[in-house]
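So this block is coords22.txt, compact mmCIF, C-alpha atoms:
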# COMPACT_ATOMS: atom_id res chain seq x y z
CA MET V 1 143.73 165.02 163.55
CA SER V 2 142.79 161.38 162.97
CA THR V 3 145.04 160.36 165.87
CA ASP V 4 142.91 162.34 168.28
CA ARG V 5 142.69 159.40 170.65
CA ASP V 6 145.11 156.50 170.57
CA ASP V 7 143.67 154.51 173.48
CA THR V 8 140.82 152.81 171.61
CA ASP V 9 140.98 149.88 174.07
CA GLY V 10 140.93 147.40 171.23
CA VAL V 11 137.53 148.57 169.99
CA ALA V 12 137.93 148.44 166.23
CA ARG V 13 134.70 150.35 165.51
CA GLN V 14 135.93 153.51 167.24
CA ARG V 15 136.07 156.32 164.70
CA PRO V 16 138.37 159.34 164.93
CA MET V 17 136.85 162.34 166.75
CA TYR V 18 137.14 164.65 163.76
CA THR V 19 136.93 163.98 160.04
CA GLU V 20 137.37 166.97 157.75
CA SER V 21 134.36 167.10 155.45
CA GLN V 22 133.83 169.67 152.70
CA VAL V 23 130.05 169.09 152.80
CA ILE V 24 129.71 169.70 156.54
CA MET V 25 132.00 172.75 156.48
CA THR V 26 130.12 174.38 153.59
CA THR V 27 126.72 173.61 155.14
CA VAL V 28 127.74 175.03 158.52
CA LYS V 29 129.22 178.15 156.89
CA THR V 30 125.91 178.74 155.09
CA VAL V 31 123.62 178.00 158.04
CA ILE V 32 125.53 179.81 160.83
CA PRO V 33 124.49 183.43 159.99
CA PHE V 34 120.83 182.44 159.94
CA VAL V 35 121.01 180.47 163.19
CA LEU V 36 122.86 183.31 164.92
CA THR V 37 120.32 185.88 163.66
CA TYR V 38 117.43 183.67 164.74
CA GLY V 39 119.00 183.16 168.16
CA LEU V 40 119.46 186.91 168.62
CA PHE V 41 115.88 187.56 167.45
CA ILE V 42 114.49 184.95 169.84
CA THR V 43 116.46 186.54 172.67
CA PHE V 44 115.73 190.20 171.94
CA HIS V 45 112.10 189.66 170.98
CA GLY V 46 111.23 187.41 173.91
CA THR V 47 108.63 189.79 175.35
CA GLY V 48 106.77 190.18 172.05
CA SER V 49 106.84 186.69 170.54
CA PRO V 50 107.52 183.11 171.63
CA GLY V 51 110.98 182.52 172.98
CA GLY V 52 113.24 184.33 175.39
CA GLY V 53 116.68 184.24 176.88
CA PHE V 54 116.78 180.50 177.49
CA GLN V 55 115.90 179.42 173.96
CA GLY V 56 117.92 182.21 172.35
CA GLY V 57 120.95 181.47 174.49
CA ALA V 58 120.77 177.81 173.51
CA LEU V 59 120.63 178.75 169.82
CA ILE V 60 123.62 181.10 170.16
CA ALA V 61 125.58 178.34 171.93
CA SER V 62 124.59 175.88 169.19
CA VAL V 63 126.37 178.12 166.67
CA VAL V 64 129.65 177.46 168.49
CA LEU V 65 128.79 173.75 168.67
CA MET V 66 128.23 173.63 164.91
CA ILE V 67 131.54 175.40 164.24
CA ALA V 68 133.26 172.86 166.50
CA PHE V 69 131.66 169.92 164.67
CA ALA V 70 132.61 171.27 161.25
CA PHE V 71 136.11 172.57 161.90
CA GLY V 72 137.27 170.36 164.75
CA ILE V 73 136.65 170.62 168.47
CA GLU V 74 140.31 171.10 169.37
CA SER V 75 140.91 174.01 167.01
CA THR V 76 137.65 175.68 168.10
CA ARG V 77 138.62 175.22 171.73
CA GLN V 78 141.96 176.91 171.13
CA SER V 79 140.38 179.95 169.49
CA LEU V 80 137.74 180.39 172.21
CA ALA V 81 139.17 181.91 175.38
CA ASN V 82 138.15 180.38 178.69
CA ARG V 83 137.74 183.96 179.92
CA LEU V 84 134.88 184.46 177.43
CA VAL V 85 133.00 181.28 178.37
CA VAL V 86 133.30 181.79 182.13
CA GLY V 87 132.69 185.53 181.73
CA LEU V 88 129.39 184.99 179.89
CA GLY V 89 128.00 182.85 182.72
CA THR V 90 129.34 184.97 185.58
CA VAL V 91 128.36 188.33 184.08
CA GLY V 92 124.89 186.89 183.38
CA VAL V 93 124.42 185.92 187.03
CA LEU V 94 125.72 189.32 188.18
CA ILE V 95 123.40 191.25 185.82
CA PHE V 96 120.36 189.17 186.81
CA ALA V 97 121.14 189.44 190.53
CA GLY V 98 121.93 193.15 190.21
CA ILE V 99 118.66 193.99 188.45
CA ALA V 100 116.80 191.86 191.01
CA LEU V 101 118.49 193.21 194.14
CA VAL V 102 118.57 196.98 193.44
CA PRO V 103 114.78 197.30 193.99
CA MET V 104 115.28 195.70 197.42
CA ALA V 105 117.87 198.37 198.24
CA LEU V 106 115.29 200.98 197.15
CA GLY V 107 112.79 199.55 199.63
CA GLY V 108 110.85 197.26 197.32
CA ASN V 109 110.65 193.55 196.66
CA PHE V 110 112.94 191.20 194.74
CA LEU V 111 112.72 192.03 190.99
CA GLU V 112 110.14 194.81 191.57
CA TYR V 113 110.97 196.64 188.33
CA THR V 114 108.65 199.58 189.04
CA LYS V 115 110.95 200.70 191.91
CA TYR V 116 113.31 201.98 189.19
CA TYR V 117 110.61 204.43 188.03
CA PRO V 118 111.03 207.15 190.71
CA VAL V 119 114.83 207.08 190.26
CA LEU V 120 115.25 206.80 186.49
CA GLY V 121 111.78 207.68 185.17
CA SER V 122 112.42 211.32 184.33
CA ALA V 123 115.99 210.72 183.16
CA LEU V 124 115.00 208.03 180.63
CA GLY V 125 111.57 209.45 179.81
CA LEU V 126 109.76 206.13 180.31
CA LYS V 127 106.34 205.37 181.73
CA LYS V 128 105.99 203.23 184.84
CA TYR V 129 104.86 200.01 183.08
CA GLU V 130 107.64 200.39 180.52
CA PHE V 131 110.17 199.79 183.28
CA VAL V 132 108.69 196.33 183.71
CA LYS V 133 109.00 195.63 179.98
CA TYR V 134 112.57 196.85 179.62
CA GLY V 135 113.53 195.32 182.96
CA MET V 136 112.27 191.94 181.78
CA GLU V 137 114.19 192.34 178.52
CA ALA V 138 117.35 193.25 180.41
CA VAL V 139 116.97 190.13 182.55
CA GLU V 140 116.28 187.95 179.49
CA ILE V 141 119.14 189.32 177.38
CA GLY V 142 121.82 190.24 179.90
CA GLY V 143 120.96 187.57 182.44
CA ILE V 144 119.44 184.34 181.17
CA ALA V 145 120.79 184.37 177.59
CA PHE V 146 124.36 185.05 178.81
CA ILE V 147 124.22 182.31 181.44
CA VAL V 148 122.69 179.68 179.13
CA ALA V 149 124.99 180.46 176.18
CA GLY V 150 128.12 180.45 178.36
CA VAL V 151 127.30 177.32 180.34
CA LEU V 152 126.22 175.30 177.28
CA MET V 153 129.44 176.20 175.43
CA GLY V 154 131.44 175.29 178.52
CA LEU V 155 129.61 171.97 179.00
CA PHE V 156 130.28 171.10 175.35
CA PHE V 157 134.01 171.69 175.51
CA ILE V 158 134.46 170.05 178.89
CA LEU V 159 132.51 166.97 177.76
CA ALA V 160 134.68 166.80 174.64
CA ALA V 161 137.81 167.06 176.78
CA GLY V 162 136.80 164.29 179.16
CA VAL V 163 138.31 163.44 182.52
CA THR V 164 142.00 163.45 181.57
CA PRO V 165 143.82 166.63 182.62
CA PRO V 166 144.78 168.84 179.64
CA ALA V 167 148.53 168.73 180.31
CA ALA V 168 148.69 164.91 180.03
CA ASP V 169 146.48 165.05 176.92
CA GLU V 170 148.86 167.44 175.17
CA SER V 171 151.98 165.38 175.92
CA ALA V 172 150.26 162.15 174.80
CA GLY V 173 149.43 163.62 171.40
CA ALA V 174 151.96 164.19 168.63
CA ALA V 175 151.83 167.97 169.00
CA PRO V 176 154.99 169.91 168.12
CA LEU V 177 157.02 171.19 171.03
CA ASP V 178 156.49 174.90 170.37
CA GLU V 179 152.70 174.43 170.31
CA VAL V 180 152.75 172.78 173.72
CA THR V 181 154.77 175.60 175.23
CA ALA V 182 152.46 178.16 173.62
CA THR V 183 149.37 176.67 175.28
CA GLU V 184 151.20 176.42 178.58
CA ASP V 185 152.01 180.11 178.33
CA GLN V 186 148.35 180.86 177.78
CA GLU V 187 147.36 178.90 180.85
CA ASP V 188 149.77 180.81 183.02
CA ASP V 189 148.15 184.21 182.62
CA MET H 1 77.29 173.19 174.04
CA ILE H 2 75.31 176.21 172.80
CA GLY H 3 77.09 178.42 175.31
CA ALA H 4 80.37 177.34 173.80
CA SER H 5 79.97 179.52 170.73
CA ALA H 6 79.56 182.57 172.96
CA SER H 7 82.90 181.92 174.62
CA PRO H 8 85.67 184.08 173.14
CA LEU H 9 88.22 181.28 173.38
CA VAL H 10 86.72 178.57 171.15
CA LEU H 11 89.50 176.36 169.85
CA GLN H 12 89.31 173.39 167.51
CA SER H 13 86.56 170.81 167.71
CA VAL H 14 86.72 168.41 170.63
CA GLY H 15 88.37 165.17 169.66
CA ILE H 16 91.61 163.94 168.16
CA THR H 17 92.60 164.58 164.56
CA PRO H 18 94.55 162.09 162.42
CA PHE H 19 97.53 164.48 162.53
CA GLU H 20 97.61 164.45 166.32
CA LEU H 21 97.13 160.69 166.38
CA SER H 22 100.08 160.11 164.04
CA LEU H 23 102.24 162.42 166.17
CA PHE H 24 101.34 160.54 169.34
CA VAL H 25 102.05 157.18 167.69
CA PHE H 26 105.37 158.53 166.40
CA VAL H 27 106.40 159.76 169.86
CA LEU H 28 105.34 156.48 171.50
CA ILE H 29 107.24 154.34 168.97
CA THR H 30 110.41 156.42 169.19
CA ALA H 31 110.24 156.36 173.01
CA VAL H 32 110.00 152.56 173.07
CA LEU H 33 112.71 152.15 170.41
CA THR H 34 115.07 154.39 172.42
CA ALA H 35 114.90 151.85 175.23
CA LEU H 36 115.11 148.78 172.98
CA PHE H 37 118.09 149.48 170.71
CA THR H 38 121.40 147.92 171.73
CA ASP H 39 123.48 150.41 169.78
CA VAL H 40 123.73 153.59 171.86
CA LEU H 41 124.29 155.72 168.76
CA ALA H 42 120.99 154.49 167.28
CA SER H 43 119.25 155.15 170.61
CA ILE H 44 120.52 158.73 170.67
CA VAL H 45 119.40 159.46 167.11
CA ILE H 46 115.95 158.03 167.83
CA PHE H 47 115.80 160.02 171.07
CA ALA H 48 116.41 163.18 169.01
CA ALA H 49 113.50 162.19 166.76
CA TYR H 50 111.37 161.67 169.88
CA SER H 51 112.19 165.21 171.07
CA LEU H 52 111.39 166.61 167.64
CA GLY H 53 107.97 164.90 167.64
CA LEU H 54 107.32 166.20 171.15
CA SER H 55 108.23 169.76 170.13
CA ILE H 56 105.79 169.57 167.18
CA ILE H 57 103.07 168.41 169.59
CA TYR H 58 103.78 171.35 171.92
CA THR H 59 103.67 173.81 169.02
CA PHE H 60 100.46 172.22 167.73
CA TYR H 61 98.83 172.74 171.13
CA HIS H 62 99.70 176.48 171.10
CA ALA H 63 102.71 176.24 173.43
CA PRO H 64 105.44 177.56 171.11
CA ASP H 65 107.68 178.59 174.01
CA VAL H 66 107.86 175.02 175.29
CA GLY H 67 108.15 173.68 171.74
CA LEU H 68 111.12 175.95 171.04
CA THR H 69 112.85 174.83 174.22
CA GLU H 70 112.24 171.16 173.47
CA ALA H 71 113.57 171.56 169.92
CA ALA H 72 116.67 173.54 170.94
CA ILE H 73 117.59 171.71 174.14
CA GLY H 74 115.97 168.29 173.73
CA ALA H 75 116.52 167.60 170.05
CA GLY H 76 119.61 169.76 169.53
CA ILE H 77 122.01 170.30 172.42
CA THR H 78 121.20 167.15 174.43
CA THR H 79 121.83 165.04 171.31
CA VAL H 80 125.21 166.71 170.80
CA PHE H 81 126.16 166.16 174.45
CA LEU H 82 125.12 162.50 174.34
CA LEU H 83 127.04 161.96 171.09
CA LEU H 84 130.14 163.49 172.68
CA THR H 85 129.72 161.19 175.68
CA ILE H 86 129.58 157.99 173.62
CA ALA H 87 132.56 159.17 171.57
CA LYS H 88 134.48 159.17 174.86
CA THR H 89 133.27 155.73 175.99
CA SER H 90 133.58 152.29 174.44
CA ARG H 91 130.60 150.75 172.65
CA PRO H 92 129.24 147.24 173.34
CA THR H 93 130.60 144.54 171.06
CA SER H 94 127.28 142.67 170.80
CA ASP H 95 125.88 142.38 167.27
CA ASP H 96 122.22 142.13 168.35
CA ARG H 97 120.10 144.96 167.04
CA PHE H 98 117.72 145.00 170.01
CA ASP H 99 118.43 144.68 173.69
CA SER H 100 116.84 141.81 175.61
CA ILE H 101 113.68 142.95 177.34
CA ASN H 102 113.79 143.29 181.11
CA TRP H 103 110.37 141.90 182.03
CA PRO H 104 110.27 143.06 185.70
CA ALA H 105 110.97 146.60 184.46
CA VAL H 106 108.22 146.23 181.86
CA GLY H 107 105.86 145.14 184.65
CA ILE H 108 106.68 148.17 186.81
CA CYS H 109 106.31 150.50 183.81
CA THR H 110 102.94 148.94 182.93
CA VAL H 111 101.66 149.40 186.49
CA PHE H 112 102.86 153.02 186.45
CA VAL H 113 101.19 153.70 183.08
CA LEU H 114 97.94 152.12 184.34
CA VAL H 115 97.96 154.21 187.53
CA VAL H 116 98.62 157.45 185.64
CA GLY H 117 96.24 156.44 182.85
CA SER H 118 93.40 155.88 185.33
CA THR H 119 93.33 159.64 185.93
CA LEU H 120 92.92 160.41 182.21
CA SER H 121 89.12 160.29 182.34
CA ALA H 122 89.16 163.19 184.83
CA PHE H 123 90.79 165.50 182.26
CA PRO H 124 88.65 167.64 179.94
CA ALA H 125 88.98 166.95 176.22
CA VAL H 126 91.50 169.01 174.27
CA GLY H 127 89.89 172.33 173.29
CA ASP H 128 86.80 171.65 175.41
CA PRO H 129 85.20 175.09 175.99
CA GLY H 130 83.71 173.80 179.25
CA SER H 131 87.08 172.96 180.76
CA PRO H 132 87.85 174.67 184.09
CA ILE H 133 90.84 176.53 182.65
CA LEU H 134 88.42 178.54 180.47
CA THR H 135 85.30 178.73 182.65
CA ASN H 136 86.93 179.17 186.07
CA ALA H 137 90.08 180.97 185.03
CA ASP H 138 91.09 182.86 188.15
CA VAL H 139 94.84 182.58 187.68
CA THR H 140 95.09 182.15 183.89
CA GLY H 141 92.51 184.81 183.24
CA TYR H 142 94.25 187.28 185.53
CA TYR H 143 97.52 186.92 183.64
CA LEU H 144 95.89 187.03 180.21
CA GLN H 145 93.85 190.13 181.09
CA THR H 146 96.37 192.20 183.03
CA ALA H 147 99.80 191.04 181.81
CA TYR H 148 99.91 193.47 178.89
CA ASP H 149 98.71 196.47 180.90
CA GLU H 150 101.04 195.79 183.82
CA THR H 151 104.17 194.71 181.97
CA GLY H 152 103.80 195.80 178.35
CA ALA H 153 104.76 192.32 177.14
CA GLU H 154 102.72 190.85 174.28
CA ASN H 155 103.93 187.36 175.22
CA ALA H 156 102.17 186.53 178.49
CA VAL H 157 104.48 183.54 179.03
CA THR H 158 107.52 185.83 179.25
CA ALA H 159 105.59 188.21 181.52
CA VAL H 160 104.91 185.33 183.93
CA LEU H 161 108.47 183.97 183.72
CA ALA H 162 110.39 187.23 184.02
CA ALA H 163 108.06 189.40 186.10
CA TYR H 164 105.32 187.59 188.05
CA ARG H 165 107.42 184.49 188.74
CA GLY H 166 110.82 186.16 188.38
CA PHE H 167 112.18 184.68 191.59
CA ASP H 168 111.67 181.13 190.22
CA THR H 169 113.40 182.09 186.99
CA PHE H 170 116.33 183.49 188.97
CA GLY H 171 116.61 180.15 190.75
CA GLU H 172 116.54 178.29 187.43
CA ALA H 173 119.26 180.51 185.98
CA ILE H 174 121.41 179.84 189.05
CA VAL H 175 120.80 176.09 188.60
CA VAL H 176 122.14 176.32 185.03
CA PHE H 177 125.19 178.22 186.29
CA ALA H 178 125.71 175.65 189.06
CA ALA H 179 125.54 172.85 186.48
CA GLY H 180 128.48 174.40 184.66
CA ILE H 181 130.51 174.60 187.88
CA ALA H 182 129.52 171.05 188.85
CA SER H 183 130.76 169.72 185.51
CA LEU H 184 134.15 171.31 186.17
CA LEU H 185 134.27 169.71 189.61
CA VAL H 186 133.18 166.25 188.42
CA LEU H 187 135.62 166.14 185.52
CA GLY H 188 138.44 167.55 187.65
CA ARG H 189 139.31 170.52 185.46
CA GLU H 190 139.84 174.20 186.11
CA VAL H 191 139.02 175.63 182.68
CA PHE H 192 136.32 174.96 180.07
CA THR H 193 138.55 175.80 177.11
CA THR H 194 142.21 176.82 176.96
Output the file's structure as structure tokens, nothing else.
Amino acid sequence: MSTDRDDTDGVARQRPMYTESQVIMTTVKTVIPFVLTYGLFITFHGTGSPGGGFQGGALIASVVLMIAFAFGIESTRQSLANRLVVGLGTVGVLIFAGIALVPMALGGNFLEYTKYYPVLGSALGLKKYEFVKYGMEAVEIGGIAFIVAGVLMGLFFILAAGVTPPAADESAGAAPLDEVTATEDQEDD
Amino acid sequence: MIGASASPLVLQSVGITPFELSLFVFVLITAVLTALFTDVLASIVIFAAYSLGLSIIYTFYHAPDVGLTEAAIGAGITTVFLLLTIAKTSRPTSDDRFDSINWPAVGICTVFVLVVGSTLSAFPAVGDPGSPILTNADVTGYYLQTAYDETGAENAVTAVLAAYRGFDTFGEAIVVFAAGIASLLVLGREVFTT
């Protein structure tokens, strides 16, 4: 792990990217459940207390960032599928756009939550203003929190990877041959 | 100021408390030090402290939503991203603790601060019950009075962001999504992880 980057360009002060530390790992293991719970609370309780999807999504993404700092960015990257990161952002945009555009199809305005009332009001047993509340929560949780969490995780890993293409990075490192072929297999599907 | 006590929204006394003053001094010092340090790592750590001070100020002035965002994004995630960036770049070899001061830039900054500062006297004092936002509150008052009845949200900020101004929020969410795609394009990659 200490030979994460060999091209230090003669800069002697360059430290290795990852140093295994018992203190950091134990601290992160202890803190993570609380941060994740707080992030979910901030997201789900955005209409009743300070916070919302943006802040909650950032907290949920920071859980992944902390795991990466404690246990190594490369090993975290390998256990986190690209499908999940991209899916979070894309599904978030689709949910937000879907909730916003359906009222227009029903003859209303963009994000006019009350247009759902004549269609779903009797089926769900909700009052008219409650559609605004639950519509806002759906946008906060399924839209904004998904987008922010996914994009922040993605930005973190892509910044850590840098500009070099992953294939050249793998061959430059001292990774065993079977590991390299395993990651190539994953990229193919 | 007799009418002030009749107002339902009386906040703290007009004027600046020692706590606020120390926070402002802290934020100012950290902001200047961020620009002055030669070592980028030191600059980033001080910049995180600056964001933390700013988030405490926001929370102190009853804007917990903004304070939360500043703490999570400004002090937390931005710091991590900046640290990752300097880990990928080479650091300067100079041993000086402080950068040399660029006097033309200081001059431009001083002029800018003076121009912006000249408008300060037009602002009402913090917590002033006679300020227009409390006495002539067409927009603010409308949201505070009707947001709960119309949306059922106890947090009026969320009601404005997700319902009244939902189109803006949609645009902001798309901007975040576009930033993720732009980072892929700039760094020439096709996947975030493996």
Leaving out segment 151-162 of chain H and any residue of its chain fewer than 2 positions from it, which residues lie within 10 Å of it when counting all atoms listed in the file, given as a ChimeraX atom specification? /V:45-53,111,113-114,128-140,144 /H:63-66,140,143-149,164-170
At a cut-off of 8 Å, list the chain V residues touching chain H, using only C-alpha atoms, as a ChimeraX atom specification. /V:8-9,11,14,17,46-52,54-55,58-59,62,77-78,80-82,85-86,89-90,93,96-97,110-112,129-133,136,139-140,144,147-148,151-152,154-160,162-165,183,186-187
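In this model, the gap between atom CA of Ala125 of chain H and atom CA of Glu20 of chain H comes to 13.4 Å.
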Taking all atoms listed in the file into account, name the residue in H:Val115, H:Ala105, H:Ile86, H:Leu54 that is nearest to Asp39 of chain H. H:Ile86
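Using all atoms listed in the file, the protein and nucleic acid residues lying no more than 7 Å from segment 96-98 of chain H, apart from those fewer than 3 places from it along its own chain, are Leu36, Phe37, Thr38 and Asp39 of chain H.
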Near-Val63 of chain V list (8 Å; only C-alpha atoms; drop same-chain fewer than 5 positions) as a ChimeraX atom specification: /V:32,35-36
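One distance worth recording is that between atom CA of Thr26 of chain V and atom CA of Ala68 of chain V, which is 13.4 Å.
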Skip Leu106 of chain V itself and residues of its chain fewer than 3 positions away, then list as a count of residues only all residues within 9 Å of it, counting all atoms listed in the file. 6
Show which residues sit within 9 Å of Glu20 of chain V, as a PyMOL selection string. Count all atoms listed in the file, and ignore same-chain residues fewer than 4 positions away. chain V and resi 1+24-25+70-72
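Picture a line from atom CA of Thr17 of chain H to atom CA of Asn136 of chain H; it runs 26.6 Å.
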Pick out the closest residue to Leu23 of chain H from this set: H:Phe112, H:Phe47, H:Tyr142, H:Phe60. Count only C-alpha atoms. H:Phe60
So for segment 80-95 of chain V, what box centre and size do we get, axis-aligned, 5 Å extra on each of the six sides, every listed atom, Å to one decimal, as JSON?
{"center_x": 131.3, "center_y": 185.8, "center_z": 180.2, "size_x": 25.8, "size_y": 20.9, "size_z": 26.0}
Kindly reconstruct segment 70-87 of chain H with N, CA, C and O atoms and present the result as a PDB file, keeping the file's coordinate frame.
ATOM      1  N   GLU H  70     112.061 172.589 173.723  1.00  0.00           N
ATOM      2  CA  GLU H  70     112.240 171.160 173.470  1.00  0.00           C
ATOM      3  C   GLU H  70     113.073 170.931 172.214  1.00  0.00           C
ATOM      4  O   GLU H  70     113.938 170.062 172.185  1.00  0.00           O
ATOM      5  N   ALA H  71     112.828 171.731 171.169  1.00  0.00           N
ATOM      6  CA  ALA H  71     113.570 171.560 169.920  1.00  0.00           C
ATOM      7  C   ALA H  71     115.040 171.934 170.114  1.00  0.00           C
ATOM      8  O   ALA H  71     115.943 171.225 169.664  1.00  0.00           O
ATOM      9  N   ALA H  72     115.294 173.069 170.803  1.00  0.00           N
ATOM     10  CA  ALA H  72     116.670 173.540 170.940  1.00  0.00           C
ATOM     11  C   ALA H  72     117.458 172.694 171.934  1.00  0.00           C
ATOM     12  O   ALA H  72     118.579 172.267 171.649  1.00  0.00           O
ATOM     13  N   ILE H  73     116.868 172.443 173.102  1.00  0.00           N
ATOM     14  CA  ILE H  73     117.590 171.710 174.140  1.00  0.00           C
ATOM     15  C   ILE H  73     117.439 170.207 173.944  1.00  0.00           C
ATOM     16  O   ILE H  73     118.420 169.469 173.920  1.00  0.00           O
ATOM     17  N   GLY H  74     116.199 169.732 173.787  1.00  0.00           N
ATOM     18  CA  GLY H  74     115.970 168.290 173.730  1.00  0.00           C
ATOM     19  C   GLY H  74     116.518 167.659 172.464  1.00  0.00           C
ATOM     20  O   GLY H  74     117.294 166.705 172.518  1.00  0.00           O
ATOM     21  N   ALA H  75     116.103 168.213 171.305  1.00  0.00           N
ATOM     22  CA  ALA H  75     116.520 167.600 170.050  1.00  0.00           C
ATOM     23  C   ALA H  75     117.925 168.032 169.653  1.00  0.00           C
ATOM     24  O   ALA H  75     118.661 167.271 169.032  1.00  0.00           O
ATOM     25  N   GLY H  76     118.322 169.254 170.009  1.00  0.00           N
ATOM     26  CA  GLY H  76     119.610 169.760 169.530  1.00  0.00           C
ATOM     27  C   GLY H  76     120.754 169.505 170.483  1.00  0.00           C
ATOM     28  O   GLY H  76     121.598 168.637 170.264  1.00  0.00           O
ATOM     29  N   ILE H  77     120.802 170.272 171.582  1.00  0.00           N
ATOM     30  CA  ILE H  77     122.010 170.300 172.420  1.00  0.00           C
ATOM     31  C   ILE H  77     122.185 168.997 173.184  1.00  0.00           C
ATOM     32  O   ILE H  77     123.300 168.483 173.293  1.00  0.00           O
ATOM     33  N   THR H  78     121.066 168.414 173.701  1.00  0.00           N
ATOM     34  CA  THR H  78     121.200 167.150 174.430  1.00  0.00           C
ATOM     35  C   THR H  78     121.766 166.066 173.521  1.00  0.00           C
ATOM     36  O   THR H  78     122.622 165.271 173.947  1.00  0.00           O
ATOM     37  N   THR H  79     121.311 166.035 172.251  1.00  0.00           N
ATOM     38  CA  THR H  79     121.830 165.040 171.310  1.00  0.00           C
ATOM     39  C   THR H  79     123.333 165.205 171.131  1.00  0.00           C
ATOM     40  O   THR H  79     124.082 164.223 171.144  1.00  0.00           O
ATOM     41  N   VAL H  80     123.779 166.460 170.975  1.00  0.00           N
ATOM     42  CA  VAL H  80     125.210 166.710 170.800  1.00  0.00           C
ATOM     43  C   VAL H  80     125.987 166.238 172.026  1.00  0.00           C
ATOM     44  O   VAL H  80     127.028 165.580 171.915  1.00  0.00           O
ATOM     45  N   PHE H  81     125.469 166.556 173.227  1.00  0.00           N
ATOM     46  CA  PHE H  81     126.160 166.160 174.450  1.00  0.00           C
ATOM     47  C   PHE H  81     126.232 164.639 174.576  1.00  0.00           C
ATOM     48  O   PHE H  81     127.269 164.073 174.948  1.00  0.00           O
ATOM     49  N   LEU H  82     125.124 163.960 174.248  1.00  0.00           N
ATOM     50  CA  LEU H  82     125.120 162.500 174.340  1.00  0.00           C
ATOM     51  C   LEU H  82     126.077 161.886 173.328  1.00  0.00           C
ATOM     52  O   LEU H  82     126.791 160.923 173.628  1.00  0.00           O
ATOM     53  N   LEU H  83     126.114 162.466 172.104  1.00  0.00           N
ATOM     54  CA  LEU H  83     127.040 161.960 171.090  1.00  0.00           C
ATOM     55  C   LEU H  83     128.485 162.112 171.556  1.00  0.00           C
ATOM     56  O   LEU H  83     129.312 161.212 171.392  1.00  0.00           O
ATOM     57  N   LEU H  84     128.792 163.273 172.156  1.00  0.00           N
ATOM     58  CA  LEU H  84     130.140 163.490 172.680  1.00  0.00           C
ATOM     59  C   LEU H  84     130.467 162.460 173.741  1.00  0.00           C
ATOM     60  O   LEU H  84     131.589 161.944 173.809  1.00  0.00           O
ATOM     61  N   THR H  85     129.475 162.131 174.588  1.00  0.00           N
ATOM     62  CA  THR H  85     129.720 161.190 175.680  1.00  0.00           C
ATOM     63  C   THR H  85     130.029 159.799 175.138  1.00  0.00           C
ATOM     64  O   THR H  85     130.958 159.143 175.613  1.00  0.00           O
ATOM     65  N   ILE H  86     129.274 159.340 174.114  1.00  0.00           N
ATOM     66  CA  ILE H  86     129.580 157.990 173.620  1.00  0.00           C
ATOM     67  C   ILE H  86     130.868 157.982 172.817  1.00  0.00           C
ATOM     68  O   ILE H  86     131.513 156.950 172.707  1.00  0.00           O
ATOM     69  N   ALA H  87     131.269 159.139 172.251  1.00  0.00           N
ATOM     70  CA  ALA H  87     132.560 159.170 171.570  1.00  0.00           C
ATOM     71  C   ALA H  87     133.698 158.963 172.558  1.00  0.00           C
ATOM     72  O   ALA H  87     134.777 158.514 172.190  1.00  0.00           O
TER      73      ALA H  87
END
